[in-house]
$ cat coords18.pdb   # PDB, C-alpha atoms and all ligand atoms
ATOM      1  CA  MET A  72       0.000   0.000   0.000
ATOM      2  CA  HIS A  73       1.277   3.496  -0.831
ATOM      3  CA  ALA A  74       0.455   6.919   0.558
ATOM      4  CA  GLY A  75      -0.174   9.918  -1.651
ATOM      5  CA  LEU A  76      -0.561  13.606  -0.895
ATOM      6  CA  GLU A  77      -1.774  16.082  -3.469
ATOM      7  CA  ALA A  78      -0.714  19.321  -1.831
ATOM      8  CA  GLY A  79      -2.747  22.004  -3.575
ATOM      9  CA  GLY A  80      -2.872  25.681  -2.751
ATOM     10  CA  THR A  81      -6.331  25.454  -1.185
ATOM     11  CA  LYS A  82      -6.744  21.738  -0.371
ATOM     12  CA  PHE A  83      -4.528  18.843   0.638
ATOM     13  CA  VAL A  84      -5.903  15.527  -0.617
ATOM     14  CA  CYS A  85      -4.447  12.553   1.279
ATOM     15  CA  VAL A  86      -4.952   9.002   0.003
ATOM     16  CA  VAL A  87      -3.745   5.519   0.865
ATOM     17  CA  GLY A  88      -4.042   2.786  -1.744
ATOM     18  CA  ARG A  89      -2.554   1.385  -4.927
ATOM     19  CA  GLY A  90      -4.200   3.484  -7.625
ATOM     20  CA  PRO A  91      -7.199   5.672  -8.457
ATOM     21  CA  ASP A  92      -9.554   2.670  -8.356
ATOM     22  CA  ASP A  93      -8.011   1.141  -5.257
ATOM     23  CA  ILE A  94      -8.086   3.701  -2.431
ATOM     24  CA  VAL A  95      -8.622   2.408   1.119
ATOM     25  CA  ALA A  96      -8.583   5.737   2.969
ATOM     26  CA  SER A  97      -8.682   9.389   2.026
ATOM     27  CA  GLU A  98      -9.049  12.804   3.594
ATOM     28  CA  ARG A  99      -9.329  16.386   2.344
ATOM     29  CA  ILE A 100      -7.763  19.096   4.447
ATOM     30  CA  ASP A 101      -8.393  22.823   3.996
ATOM     31  CA  VAL A 102      -5.099  24.640   3.616
ATOM     32  CA  THR A 103      -4.384  27.366   6.163
ATOM     33  CA  ASP A 104      -0.814  27.920   7.342
ATOM     34  CA  PRO A 105       1.931  25.271   7.134
ATOM     35  CA  ALA A 106       2.174  24.830  10.918
ATOM     36  CA  SER A 107      -1.412  23.587  11.174
ATOM     37  CA  THR A 108      -1.991  22.061   7.723
ATOM     38  CA  ILE A 109       1.054  19.782   7.473
ATOM     39  CA  PRO A 110       0.677  18.118  10.910
ATOM     40  CA  ARG A 111      -2.970  17.315  10.094
ATOM     41  CA  ALA A 112      -1.849  15.475   6.957
ATOM     42  CA  VAL A 113       0.903  13.620   8.872
ATOM     43  CA  ALA A 114      -1.675  12.633  11.506
ATOM     44  CA  PHE A 115      -4.069  11.266   8.864
ATOM     45  CA  PHE A 116      -1.396   8.924   7.491
ATOM     46  CA  GLN A 117      -0.349   7.860  11.017
ATOM     47  CA  ARG A 118      -3.991   7.057  11.888
ATOM     48  CA  THR A 119      -4.439   5.085   8.659
ATOM     49  CA  VAL A 120      -1.308   3.033   9.362
ATOM     50  CA  ALA A 121      -2.474   2.423  12.940
ATOM     51  CA  ALA A 122      -5.843   1.259  11.579
ATOM     52  CA  GLY A 123      -4.127  -1.608   9.771
ATOM     53  CA  HIS A 124      -2.954  -0.174   6.448
ATOM     54  CA  PRO A 125       0.850  -0.121   6.522
ATOM     55  CA  ILE A 126       2.469   2.031   3.826
ATOM     56  CA  ASP A 127       5.803   1.506   2.098
ATOM     57  CA  ALA A 128       6.341   5.042   0.781
ATOM     58  CA  LEU A 129       4.709   8.445   0.458
ATOM     59  CA  GLY A 130       4.512  10.526  -2.719
ATOM     60  CA  ILE A 131       3.921  14.274  -2.490
ATOM     61  CA  ALA A 132       2.541  16.074  -5.545
ATOM     62  CA  SER A 133       2.930  19.695  -4.564
ATOM     63  CA  PHE A 134       1.907  23.114  -5.784
ATOM     64  CA  GLY A 135       4.961  25.128  -6.639
ATOM     65  CA  PRO A 136       7.350  26.375  -7.455
ATOM     66  CA  VAL A 137       9.372  23.765  -5.566
ATOM     67  CA  GLU A 138      13.006  22.696  -5.257
ATOM     68  CA  LEU A 139      13.400  19.264  -6.842
ATOM     69  CA  ARG A 140      17.181  18.907  -6.972
ATOM     70  CA  ARG A 141      18.249  16.175  -4.579
ATOM     71  CA  GLY A 142      21.263  17.328  -2.632
ATOM     72  CA  HIS A 143      20.204  20.964  -2.807
ATOM     73  CA  PRO A 144      19.849  22.415   0.715
ATOM     74  CA  ALA A 145      16.261  23.433  -0.078
ATOM     75  CA  TYR A 146      15.271  20.081  -1.662
ATOM     76  CA  GLY A 147      11.663  19.273  -0.856
ATOM     77  CA  SER A 148      10.615  22.862  -0.162
ATOM     78  CA  ILE A 149       8.234  25.330  -1.722
ATOM     79  CA  THR A 150      10.574  28.049  -3.009
ATOM     80  CA  VAL A 151       8.906  31.417  -3.607
ATOM     81  CA  THR A 152       5.136  31.521  -3.746
ATOM     82  CA  PRO A 153       2.720  34.435  -3.551
ATOM     83  CA  LYS A 154       0.759  32.253  -1.114
ATOM     84  CA  PRO A 155       1.262  33.959   2.278
ATOM     85  CA  GLY A 156       3.323  31.980   4.775
ATOM     86  CA  TRP A 157       4.291  29.133   2.435
ATOM     87  CA  SER A 158       7.541  30.362   0.847
ATOM     88  CA  GLY A 159      10.423  28.206   2.070
ATOM     89  CA  THR A 160       8.138  25.574   3.633
ATOM     90  CA  ASP A 161       9.782  22.159   4.012
ATOM     91  CA  MET A 162       7.195  19.769   2.564
ATOM     92  CA  VAL A 163       9.209  16.559   2.838
ATOM     93  CA  GLY A 164      10.876  16.645   6.278
ATOM     94  CA  PRO A 165       7.766  16.512   8.494
ATOM     95  CA  PHE A 166       6.453  13.466   6.603
ATOM     96  CA  ARG A 167       9.808  11.655   6.572
ATOM     97  CA  ASP A 168      10.094  12.221  10.337
ATOM     98  CA  GLY A 169       6.469  11.387  11.096
ATOM     99  CA  LEU A 170       6.059   8.293   8.908
ATOM    100  CA  ALA A 171       9.564   6.780   8.667
ATOM    101  CA  VAL A 172       9.119   5.713   5.018
ATOM    102  CA  PRO A 173      10.766   6.970   1.804
ATOM    103  CA  VAL A 174       9.164  10.203   0.603
ATOM    104  CA  ALA A 175       9.084  11.120  -3.098
ATOM    105  CA  PHE A 176       8.494  14.727  -4.057
ATOM    106  CA  ASP A 177       7.467  16.372  -7.328
ATOM    107  CA  THR A 178       5.157  19.023  -8.710
ATOM    108  CA  ASP A 179       1.432  18.340  -8.900
ATOM    109  CA  THR A 180       1.681  18.760 -12.671
ATOM    110  CA  ASN A 181       4.531  16.268 -13.122
ATOM    111  CA  ALA A 182       2.687  13.769 -10.929
ATOM    112  CA  ALA A 183      -0.556  14.222 -12.877
ATOM    113  CA  ALA A 184       1.381  13.767 -16.124
ATOM    114  CA  LEU A 185       2.753  10.446 -14.874
ATOM    115  CA  ALA A 186      -0.693   9.334 -13.691
ATOM    116  CA  GLU A 187      -2.208  10.028 -17.115
ATOM    117  CA  GLY A 188       0.448   7.720 -18.553
ATOM    118  CA  ARG A 189      -0.335   4.892 -16.128
ATOM    119  CA  TRP A 190      -4.141   5.126 -15.830
ATOM    120  CA  GLY A 191      -5.394   7.930 -18.054
ATOM    121  CA  ALA A 192      -5.311   9.328 -21.568
ATOM    122  CA  ALA A 193      -1.646   8.553 -22.365
ATOM    123  CA  ARG A 194      -1.503   4.857 -21.481
ATOM    124  CA  ASP A 195      -0.405   3.741 -24.938
ATOM    125  CA  VAL A 196       2.372   6.287 -25.624
ATOM    126  CA  ARG A 197       5.861   6.798 -24.181
ATOM    127  CA  SER A 198       6.370  10.494 -24.927
ATOM    128  CA  TYR A 199       3.653  13.038 -24.282
ATOM    129  CA  VAL A 200       2.889  16.419 -22.784
ATOM    130  CA  TYR A 201       0.284  17.005 -20.087
ATOM    131  CA  LEU A 202      -1.038  20.551 -19.687
ATOM    132  CA  THR A 203      -3.356  21.727 -16.956
ATOM    133  CA  LEU A 204      -5.502  24.771 -17.692
ATOM    134  CA  GLY A 205      -7.084  26.462 -14.711
ATOM    135  CA  THR A 206      -6.109  29.066 -12.138
ATOM    136  CA  GLY A 207      -2.647  28.661 -13.576
ATOM    137  CA  ILE A 208      -1.326  26.881 -16.630
ATOM    138  CA  GLY A 209       1.323  24.241 -16.050
ATOM    139  CA  GLY A 210       2.738  21.364 -17.991
ATOM    140  CA  GLY A 211       4.695  18.172 -17.557
ATOM    141  CA  ALA A 212       6.566  16.356 -20.302
ATOM    142  CA  VAL A 213       7.066  12.622 -20.208
ATOM    143  CA  VAL A 214       9.920  11.682 -22.516
ATOM    144  CA  ASP A 215      10.346   7.997 -23.290
ATOM    145  CA  GLY A 216       8.533   7.062 -20.083
ATOM    146  CA  ARG A 217      10.349   9.441 -17.722
ATOM    147  CA  VAL A 218       9.074  12.777 -16.561
ATOM    148  CA  LEU A 219      11.351  15.602 -17.668
ATOM    149  CA  ARG A 220      13.263  17.306 -14.822
ATOM    150  CA  GLY A 221      16.339  19.408 -15.126
ATOM    151  CA  LEU A 222      17.045  22.654 -13.390
ATOM    152  CA  VAL A 223      13.833  22.186 -11.390
ATOM    153  CA  HIS A 224      10.784  21.662 -13.623
ATOM    154  CA  PRO A 225       9.331  23.025 -16.856
ATOM    155  CA  GLU A 226       7.171  26.171 -16.647
ATOM    156  CA  MET A 227       5.152  25.654 -19.811
ATOM    157  CA  GLY A 228       2.476  28.132 -18.766
ATOM    158  CA  HIS A 229       4.950  30.978 -19.074
ATOM    159  CA  VAL A 230       6.030  30.499 -22.682
ATOM    160  CA  SER A 231       5.466  33.510 -24.885
ATOM    161  CA  VAL A 232       2.626  33.468 -27.380
ATOM    162  CA  PRO A 233       2.016  35.719 -30.365
ATOM    163  CA  ARG A 234      -0.784  38.212 -29.791
ATOM    164  CA  ARG A 235      -4.053  37.625 -31.629
ATOM    165  CA  PRO A 236      -4.521  40.406 -34.169
ATOM    166  CA  GLY A 237      -6.270  43.328 -32.489
ATOM    167  CA  ASP A 238      -6.042  41.901 -28.973
ATOM    168  CA  THR A 239      -5.391  44.810 -26.593
ATOM    169  CA  PHE A 240      -5.703  42.865 -23.312
ATOM    170  CA  SER A 241      -2.461  43.449 -21.416
ATOM    171  CA  GLY A 242      -2.276  39.977 -19.875
ATOM    172  CA  SER A 243      -2.553  38.949 -16.237
ATOM    173  CA  CYS A 244       0.818  37.313 -15.480
ATOM    174  CA  PRO A 245       2.572  39.400 -12.789
ATOM    175  CA  PHE A 246       5.938  38.404 -14.272
ATOM    176  CA  HIS A 247       5.449  38.416 -18.049
ATOM    177  CA  GLY A 248       2.103  40.064 -18.723
ATOM    178  CA  ASP A 249       1.020  38.367 -21.923
ATOM    179  CA  CYS A 250       2.607  34.903 -21.609
ATOM    180  CA  LEU A 251       0.333  31.881 -22.190
ATOM    181  CA  GLU A 252      -0.886  31.904 -18.573
ATOM    182  CA  GLY A 253      -1.327  35.678 -18.704
ATOM    183  CA  MET A 254      -3.603  35.366 -21.730
ATOM    184  CA  ALA A 255      -5.393  32.027 -21.357
ATOM    185  CA  SER A 256      -5.695  31.018 -17.665
ATOM    186  CA  GLY A 257      -8.903  31.313 -15.635
ATOM    187  CA  PRO A 258      -7.797  34.572 -13.959
ATOM    188  CA  ALA A 259      -6.748  35.959 -17.375
ATOM    189  CA  LEU A 260     -10.253  35.296 -18.735
ATOM    190  CA  ALA A 261     -11.828  36.810 -15.610
ATOM    191  CA  ALA A 262      -9.689  39.946 -16.002
ATOM    192  CA  ARG A 263     -10.419  40.182 -19.723
ATOM    193  CA  PHE A 264     -14.197  39.792 -19.441
ATOM    194  CA  GLY A 265     -14.696  41.356 -16.021
ATOM    195  CA  ARG A 266     -16.221  38.325 -14.312
ATOM    196  CA  ARG A 267     -15.402  34.780 -13.324
ATOM    197  CA  ALA A 268     -15.531  32.055 -15.982
ATOM    198  CA  GLU A 269     -18.362  30.213 -14.169
ATOM    199  CA  THR A 270     -20.644  33.240 -14.663
ATOM    200  CA  PHE A 271     -20.031  33.779 -18.399
ATOM    201  CA  ASP A 272     -23.100  33.986 -20.645
ATOM    202  CA  ALA A 273     -23.106  31.876 -23.819
ATOM    203  CA  ALA A 274     -21.629  34.569 -26.079
ATOM    204  CA  THR A 275     -18.808  35.371 -23.650
ATOM    205  CA  ARG A 276     -18.124  31.680 -23.192
ATOM    206  CA  ASP A 277     -17.764  31.262 -26.954
ATOM    207  CA  GLU A 278     -15.400  34.171 -27.163
ATOM    208  CA  ALA A 279     -13.418  32.823 -24.197
ATOM    209  CA  VAL A 280     -13.098  29.458 -25.920
ATOM    210  CA  GLU A 281     -11.776  31.179 -29.063
ATOM    211  CA  VAL A 282      -9.231  33.149 -27.043
ATOM    212  CA  VAL A 283      -7.970  30.158 -25.064
ATOM    213  CA  ALA A 284      -7.877  27.925 -28.143
ATOM    214  CA  ASP A 285      -5.905  30.457 -30.197
ATOM    215  CA  TYR A 286      -3.245  31.045 -27.553
ATOM    216  CA  LEU A 287      -3.029  27.381 -26.711
ATOM    217  CA  GLY A 288      -2.758  26.413 -30.373
ATOM    218  CA  ALA A 289       0.270  28.671 -30.704
ATOM    219  CA  ALA A 290       1.881  27.344 -27.512
ATOM    220  CA  LEU A 291       1.266  23.734 -28.548
ATOM    221  CA  ARG A 292       3.161  24.319 -31.771
ATOM    222  CA  ASP A 293       6.225  25.323 -29.734
ATOM    223  CA  LEU A 294       5.862  22.365 -27.369
ATOM    224  CA  VAL A 295       5.351  19.898 -30.205
ATOM    225  CA  PHE A 296       8.296  21.175 -32.222
ATOM    226  CA  THR A 297      10.522  21.239 -29.112
ATOM    227  CA  LEU A 298       9.601  17.984 -27.361
ATOM    228  CA  ALA A 299       8.235  15.792 -30.188
ATOM    229  CA  PRO A 300       5.402  14.303 -28.113
ATOM    230  CA  GLU A 301       3.183  11.544 -29.444
ATOM    231  CA  ARG A 302       0.173  13.111 -27.721
ATOM    232  CA  ILE A 303      -0.987  16.243 -25.882
ATOM    233  CA  VAL A 304      -3.257  15.678 -22.880
ATOM    234  CA  LEU A 305      -5.307  18.639 -21.612
ATOM    235  CA  GLY A 306      -6.559  18.718 -18.015
ATOM    236  CA  GLY A 307      -7.807  21.321 -15.554
ATOM    237  CA  GLY A 308     -11.046  23.219 -15.051
ATOM    238  CA  LEU A 309     -10.976  25.219 -18.306
ATOM    239  CA  THR A 310     -11.258  22.019 -20.353
ATOM    240  CA  GLN A 311     -14.901  22.027 -19.180
ATOM    241  CA  LEU A 312     -15.570  25.030 -21.459
ATOM    242  CA  PRO A 313     -17.852  23.590 -24.161
ATOM    243  CA  GLY A 314     -16.040  22.890 -27.415
ATOM    244  CA  LEU A 315     -12.624  23.872 -26.115
ATOM    245  CA  VAL A 316     -10.691  20.743 -27.037
ATOM    246  CA  VAL A 317     -12.103  20.707 -30.579
ATOM    247  CA  ARG A 318     -11.170  24.371 -31.048
ATOM    248  CA  VAL A 319      -7.679  23.767 -29.665
ATOM    249  CA  ARG A 320      -7.176  20.970 -32.220
ATOM    250  CA  ARG A 321      -8.199  23.360 -34.962
ATOM    251  CA  ALA A 322      -5.953  26.180 -33.720
ATOM    252  CA  PHE A 323      -3.038  23.769 -33.323
ATOM    253  CA  ALA A 324      -3.504  22.513 -36.897
ATOM    254  CA  ARG A 325      -3.527  26.107 -38.143
ATOM    255  CA  ASN A 326      -0.330  26.822 -36.232
ATOM    256  CA  VAL A 327       1.669  23.782 -37.376
ATOM    257  CA  ALA A 328       0.556  24.555 -40.959
ATOM    258  CA  ASN A 329       1.061  20.945 -41.993
ATOM    259  CA  TYR A 330       4.756  20.958 -41.160
ATOM    260  CA  PRO A 331       6.332  18.415 -41.256
ATOM    261  CA  ALA A 332       3.220  16.873 -42.803
ATOM    262  CA  LEU A 333       2.581  14.321 -40.063
ATOM    263  CA  PRO A 334      -0.901  12.790 -40.290
ATOM    264  CA  GLU A 335      -0.620  12.096 -36.529
ATOM    265  CA  HIS A 336      -0.716  15.831 -35.776
ATOM    266  CA  GLN A 337      -4.058  16.077 -37.616
ATOM    267  CA  ASP A 338      -5.572  13.077 -35.840
ATOM    268  CA  PRO A 339      -8.254  13.854 -33.208
ATOM    269  CA  GLY A 340      -6.307  11.495 -30.917
ATOM    270  CA  PHE A 341      -3.317  13.846 -30.843
ATOM    271  CA  VAL A 342      -4.866  16.528 -28.588
ATOM    272  CA  VAL A 343      -7.145  14.832 -26.064
ATOM    273  CA  PRO A 344      -8.857  15.638 -22.760
ATOM    274  CA  ALA A 345      -7.323  14.108 -19.636
ATOM    275  CA  GLY A 346      -8.670  10.764 -18.506
ATOM    276  CA  LEU A 347      -8.413  11.108 -14.739
ATOM    277  CA  GLY A 348      -9.973  14.502 -13.987
ATOM    278  CA  GLN A 349      -9.682  15.438 -10.305
ATOM    279  CA  GLN A 350      -8.096  12.090  -9.565
ATOM    280  CA  ALA A 351      -4.921  12.848 -11.512
ATOM    281  CA  GLY A 352      -3.216  14.579  -8.574
ATOM    282  CA  PRO A 353      -3.814  11.968  -5.858
ATOM    283  CA  ALA A 354      -3.184   9.137  -8.350
ATOM    284  CA  GLY A 355       0.067  10.798  -9.410
ATOM    285  CA  ALA A 356       1.123  11.082  -5.773
ATOM    286  CA  LEU A 357       0.518   7.336  -5.314
ATOM    287  CA  LEU A 358       2.580   6.664  -8.410
ATOM    288  CA  LEU A 359       5.457   8.762  -7.054
ATOM    289  CA  ALA A 360       5.289   6.636  -3.898
ATOM    290  CA  GLU A 361       5.296   3.429  -5.923
ATOM    291  CA  LEU A 362       8.396   4.578  -7.800
ATOM    292  CA  ALA A 363      10.092   5.548  -4.514
ATOM    293  CA  ALA A 364       9.241   2.205  -2.937
ATOM    294  CA  ALA A 365      10.768   0.468  -5.964
ATOM    295  CA  GLY A 366      13.922   2.530  -5.528
ATOM    296  CA  ALA A 367      13.401   4.452  -8.773
TER     297      ALA A 367
HETATM  298 ZN    ZN A 401       4.119  34.367 -17.120
END
$ encode --input "coords18.pdb" --output "structure tokens"
Amino acid sequence: MHAGLEAGGTKFVCVVGRGPDDIVASERIDVTDPASTIPRAVAFFQRTVAAGHPIDALGIASFGPVELRRGHPAYGSITVTPKPGWSGTDMVGPFRDGLAVPVAFDTDTNAAALAEGRWGAARDVRSYVYLTLGTGIGGGAVVDGRVLRGLVHPEMGHVSVPRRPGDTFSGSCPFHGDCLEGMASGPALAARFGRRAETFDAATRDEAVEVVADYLGAALRDLVFTLAPERIVLGGGLTQLPGLVVRVRRAFARNVANYPALPEHQDPGFVVPAGLGQQAGPAGALLLAELAAAGA
């Protein structure tokens, strides 16, 4: 049995099990400050073990940015986050001390990417990109079965995108203004249209879909030409916008302009919605634990 923690900015989701369809215990914890949130998660896993479900490892799929370089003094910590009180928080230490099992640590996006490969929409390919579209935009690349890590982790939401002709919206990214996240995330749409995406009327929703699809189509061209994925998997709340995935396919096709004439890029199976939905994070955390338990 493995333990998984999806450490989100507003909720911690704790699970014990072997996969998304085999969970024996779970708990959701509202995130306040680290000093009260983290011990509650440690206590949940301790109680579950005491109740007769021993665990061999814990995987943490964390919001970021995080330090992923083993051997770095800040390994296992949130680095700098606008979330008050969480910058510099050690996410790994309290669990290693409290549970005495190996603890694997990665971003929520990387973990979700891996989970889509094991249980979701990328089961039959070895190289793919997973993008989550919501409050932020983030991406994980799995290259020949391994999630891409280097100097920390990719930040695919912050790639630059060409402006749509006539678009005067300045962009909502505090760092780059009109990067992909600044133009196509949930908060970007809310800033552009003056209200939250859930309250859009039909006409605004259509326009929002066009905007997101156009910017995403441009970004996908860069990702596809850089990483050569066999598939693009789209997750996150914005994929619920009606017609979005179809429009993204169309915008992507326009952007690649049939270069290098790969029929696969035109196939509806190339850009697909995620298979795991909300379960991708906790499932990814379990998978990180499984890999840690196997010594990977
Ligand atoms: Zn940005």
$ resolve_selection --input "coords18.pdb" --expression "the PyMOL selection byres (((chain A and resi 313) around 9) and not hetatm)" --output "MDAnalysis selection string"
chainID A and resid 276:277 280 310:312 314:316
$ residues_around --input "coords18.pdb" --residues "A:Gly221" --least-positions-apart "6" --cutoff "12 Å" --atoms "only C-alpha atoms" --output "VMD selection string"
chain A and resid 138 to 141 211 to 212
$ closest_residue --input "coords18.pdb" --among "A:Asp179, A:Asp127, A:Glu98, A:Glu226" --to "ligand ZN 401 (chain A)" --atoms "all atoms listed in the file"
A:Glu226
$ atom_distance --input "coords18.pdb" --atom1 "atom CA of A:Ala322" --atom2 "atom CA of A:Gly352"
27.8 Å
$ atom_distance --input "coords18.pdb" --atom1 "atom CA of A:Gly135" --atom2 "atom CA of A:Gly242"
21.2 Å
$ residues_around --input "coords18.pdb" --residues "stretch 180-182 of chain A" --least-positions-apart "6" --cutoff "7 Å" --atoms "all atoms listed in the file" --output "ChimeraX atom specification"
/A:132,209-211,218,352,355-356,359
$ residues_near_ligand --input "coords18.pdb" --ligand "ligand ZN 401 (chain A)" --cutoff "9 Å" --atoms "only C-alpha atoms and all ligand atoms" --output "list in words"
Glu226, Gly228, His229, Val230, Ser231, Gly242, Ser243, Cys244, Pro245, Phe246, His247, Gly248, Asp249, Cys250, Leu251, Glu252 and Gly253 of chain A
$ atom_distance --input "coords18.pdb" --atom1 "atom CA of A:Gly307" --atom2 "atom CA of A:Ala268"
13.2 Å
$ residues_near_point --input "coords18.pdb" --point "(-2.4, 17.3, 10.0)" --cutoff "12 Å" --atoms "all atoms listed in the file" --output "number ranges by chain"
A: 76, 83-85, 98-118, 165-166, 169
$ closest_residue --input "coords18.pdb" --among "A:Gly130, A:Pro153, A:Pro136, A:Gly237" --to "A:Arg167" --atoms "only C-alpha atoms"
A:Gly130
$ residues_around --input "coords18.pdb" --residues "A:Gly346" --least-positions-apart "3" --cutoff "7 Å" --atoms "all atoms listed in the file" --output "MDAnalysis selection string"
chainID A and resid 187 191:192
$ closest_residue --input "coords18.pdb" --among "A:Leu202, A:Ala354, A:Ala363, A:Ala289" --to "A:Arg325" --atoms "only C-alpha atoms"
A:Ala289
$ resolve_selection --input "coords18.pdb" --expression "the PyMOL selection byres (((chain A and resi 213) around 12) and not hetatm)" --output "short mmCIF file (atom, residue, chain, number, x, y, z; two decimals) with C-alpha atoms, in the frame of the given file"
data_model
loop_
_atom_site.label_atom_id
_atom_site.label_comp_id
_atom_site.auth_asym_id
_atom_site.auth_seq_id
_atom_site.Cartn_x
_atom_site.Cartn_y
_atom_site.Cartn_z
CA THR A 180 1.68 18.76 -12.67
CA ASN A 181 4.53 16.27 -13.12
CA ALA A 182 2.69 13.77 -10.93
CA ALA A 183 -0.56 14.22 -12.88
CA ALA A 184 1.38 13.77 -16.12
CA LEU A 185 2.75 10.45 -14.87
CA ALA A 186 -0.69 9.33 -13.69
CA GLU A 187 -2.21 10.03 -17.11
CA GLY A 188 0.45 7.72 -18.55
CA ARG A 189 -0.34 4.89 -16.13
CA ALA A 193 -1.65 8.55 -22.36
CA ARG A 194 -1.50 4.86 -21.48
CA VAL A 196 2.37 6.29 -25.62
CA ARG A 197 5.86 6.80 -24.18
CA SER A 198 6.37 10.49 -24.93
CA TYR A 199 3.65 13.04 -24.28
CA VAL A 200 2.89 16.42 -22.78
CA TYR A 201 0.28 17.00 -20.09
CA LEU A 202 -1.04 20.55 -19.69
CA GLY A 210 2.74 21.36 -17.99
CA GLY A 211 4.70 18.17 -17.56
CA ALA A 212 6.57 16.36 -20.30
CA VAL A 214 9.92 11.68 -22.52
CA ASP A 215 10.35 8.00 -23.29
CA GLY A 216 8.53 7.06 -20.08
CA ARG A 217 10.35 9.44 -17.72
CA VAL A 218 9.07 12.78 -16.56
CA LEU A 219 11.35 15.60 -17.67
CA ARG A 220 13.26 17.31 -14.82
CA HIS A 224 10.78 21.66 -13.62
CA PRO A 225 9.33 23.02 -16.86
CA LEU A 298 9.60 17.98 -27.36
CA ALA A 299 8.24 15.79 -30.19
CA PRO A 300 5.40 14.30 -28.11
CA GLU A 301 3.18 11.54 -29.44
CA ARG A 302 0.17 13.11 -27.72
CA ILE A 303 -0.99 16.24 -25.88
CA VAL A 304 -3.26 15.68 -22.88
#
$ resolve_selection --input "coords18.pdb" --expression "the PyMOL selection byres (((chain A and resi 88) around 10) and not hetatm)" --output "PyMOL selection string"
chain A and resi 72-75+86-87+89-97+124+126+354+357
$ decode --input "coords18.pdb" --residues "stretch 187-200 of chain A" --atoms "N, CA and C atoms" --output "PDB file, in the first residue's frame"
ATOM      1  N   GLU A 187      -1.505  10.174 -15.834  1.00  0.00           N
ATOM      2  CA  GLU A 187      -2.208  10.028 -17.115  1.00  0.00           C
ATOM      3  C   GLU A 187      -1.551   8.941 -17.972  1.00  0.00           C
ATOM      4  N   GLY A 188      -0.255   8.766 -17.815  1.00  0.00           N
ATOM      5  CA  GLY A 188       0.448   7.720 -18.553  1.00  0.00           C
ATOM      6  C   GLY A 188       0.156   6.328 -18.021  1.00  0.00           C
ATOM      7  N   ARG A 189      -0.068   6.207 -16.713  1.00  0.00           N
ATOM      8  CA  ARG A 189      -0.335   4.892 -16.128  1.00  0.00           C
ATOM      9  C   ARG A 189      -1.811   4.505 -16.254  1.00  0.00           C
ATOM     10  N   TRP A 190      -2.715   5.472 -15.931  1.00  0.00           N
ATOM     11  CA  TRP A 190      -4.141   5.126 -15.830  1.00  0.00           C
ATOM     12  C   TRP A 190      -5.045   5.946 -16.745  1.00  0.00           C
ATOM     13  N   GLY A 191      -4.520   6.970 -17.377  1.00  0.00           N
ATOM     14  CA  GLY A 191      -5.394   7.930 -18.054  1.00  0.00           C
ATOM     15  C   GLY A 191      -5.274   7.926 -19.561  1.00  0.00           C
ATOM     16  N   ALA A 192      -5.179   9.132 -20.130  1.00  0.00           N
ATOM     17  CA  ALA A 192      -5.311   9.328 -21.568  1.00  0.00           C
ATOM     18  C   ALA A 192      -4.015   9.110 -22.347  1.00  0.00           C
ATOM     19  N   ALA A 193      -2.925   8.745 -21.655  1.00  0.00           N
ATOM     20  CA  ALA A 193      -1.646   8.553 -22.365  1.00  0.00           C
ATOM     21  C   ALA A 193      -1.074   7.159 -22.100  1.00  0.00           C
ATOM     22  N   ARG A 194      -1.963   6.199 -21.855  1.00  0.00           N
ATOM     23  CA  ARG A 194      -1.503   4.857 -21.481  1.00  0.00           C
ATOM     24  C   ARG A 194      -0.702   4.165 -22.580  1.00  0.00           C
ATOM     25  N   ASP A 195      -0.994   4.503 -23.835  1.00  0.00           N
ATOM     26  CA  ASP A 195      -0.405   3.741 -24.938  1.00  0.00           C
ATOM     27  C   ASP A 195       0.735   4.491 -25.621  1.00  0.00           C
ATOM     28  N   VAL A 196       1.238   5.570 -25.019  1.00  0.00           N
ATOM     29  CA  VAL A 196       2.372   6.287 -25.624  1.00  0.00           C
ATOM     30  C   VAL A 196       3.481   6.473 -24.593  1.00  0.00           C
ATOM     31  N   ARG A 197       4.705   6.666 -25.077  1.00  0.00           N
ATOM     32  CA  ARG A 197       5.861   6.798 -24.181  1.00  0.00           C
ATOM     33  C   ARG A 197       6.297   8.247 -24.006  1.00  0.00           C
ATOM     34  N   SER A 198       5.956   9.088 -24.987  1.00  0.00           N
ATOM     35  CA  SER A 198       6.370  10.494 -24.927  1.00  0.00           C
ATOM     36  C   SER A 198       5.155  11.377 -25.161  1.00  0.00           C
ATOM     37  N   TYR A 199       4.846  12.201 -24.165  1.00  0.00           N
ATOM     38  CA  TYR A 199       3.653  13.038 -24.282  1.00  0.00           C
ATOM     39  C   TYR A 199       3.806  14.253 -23.374  1.00  0.00           C
ATOM     40  N   VAL A 200       2.925  15.215 -23.610  1.00  0.00           N
ATOM     41  CA  VAL A 200       2.889  16.419 -22.784  1.00  0.00           C
ATOM     42  C   VAL A 200       1.524  16.486 -22.122  1.00  0.00           C
TER      43      VAL A 200
END
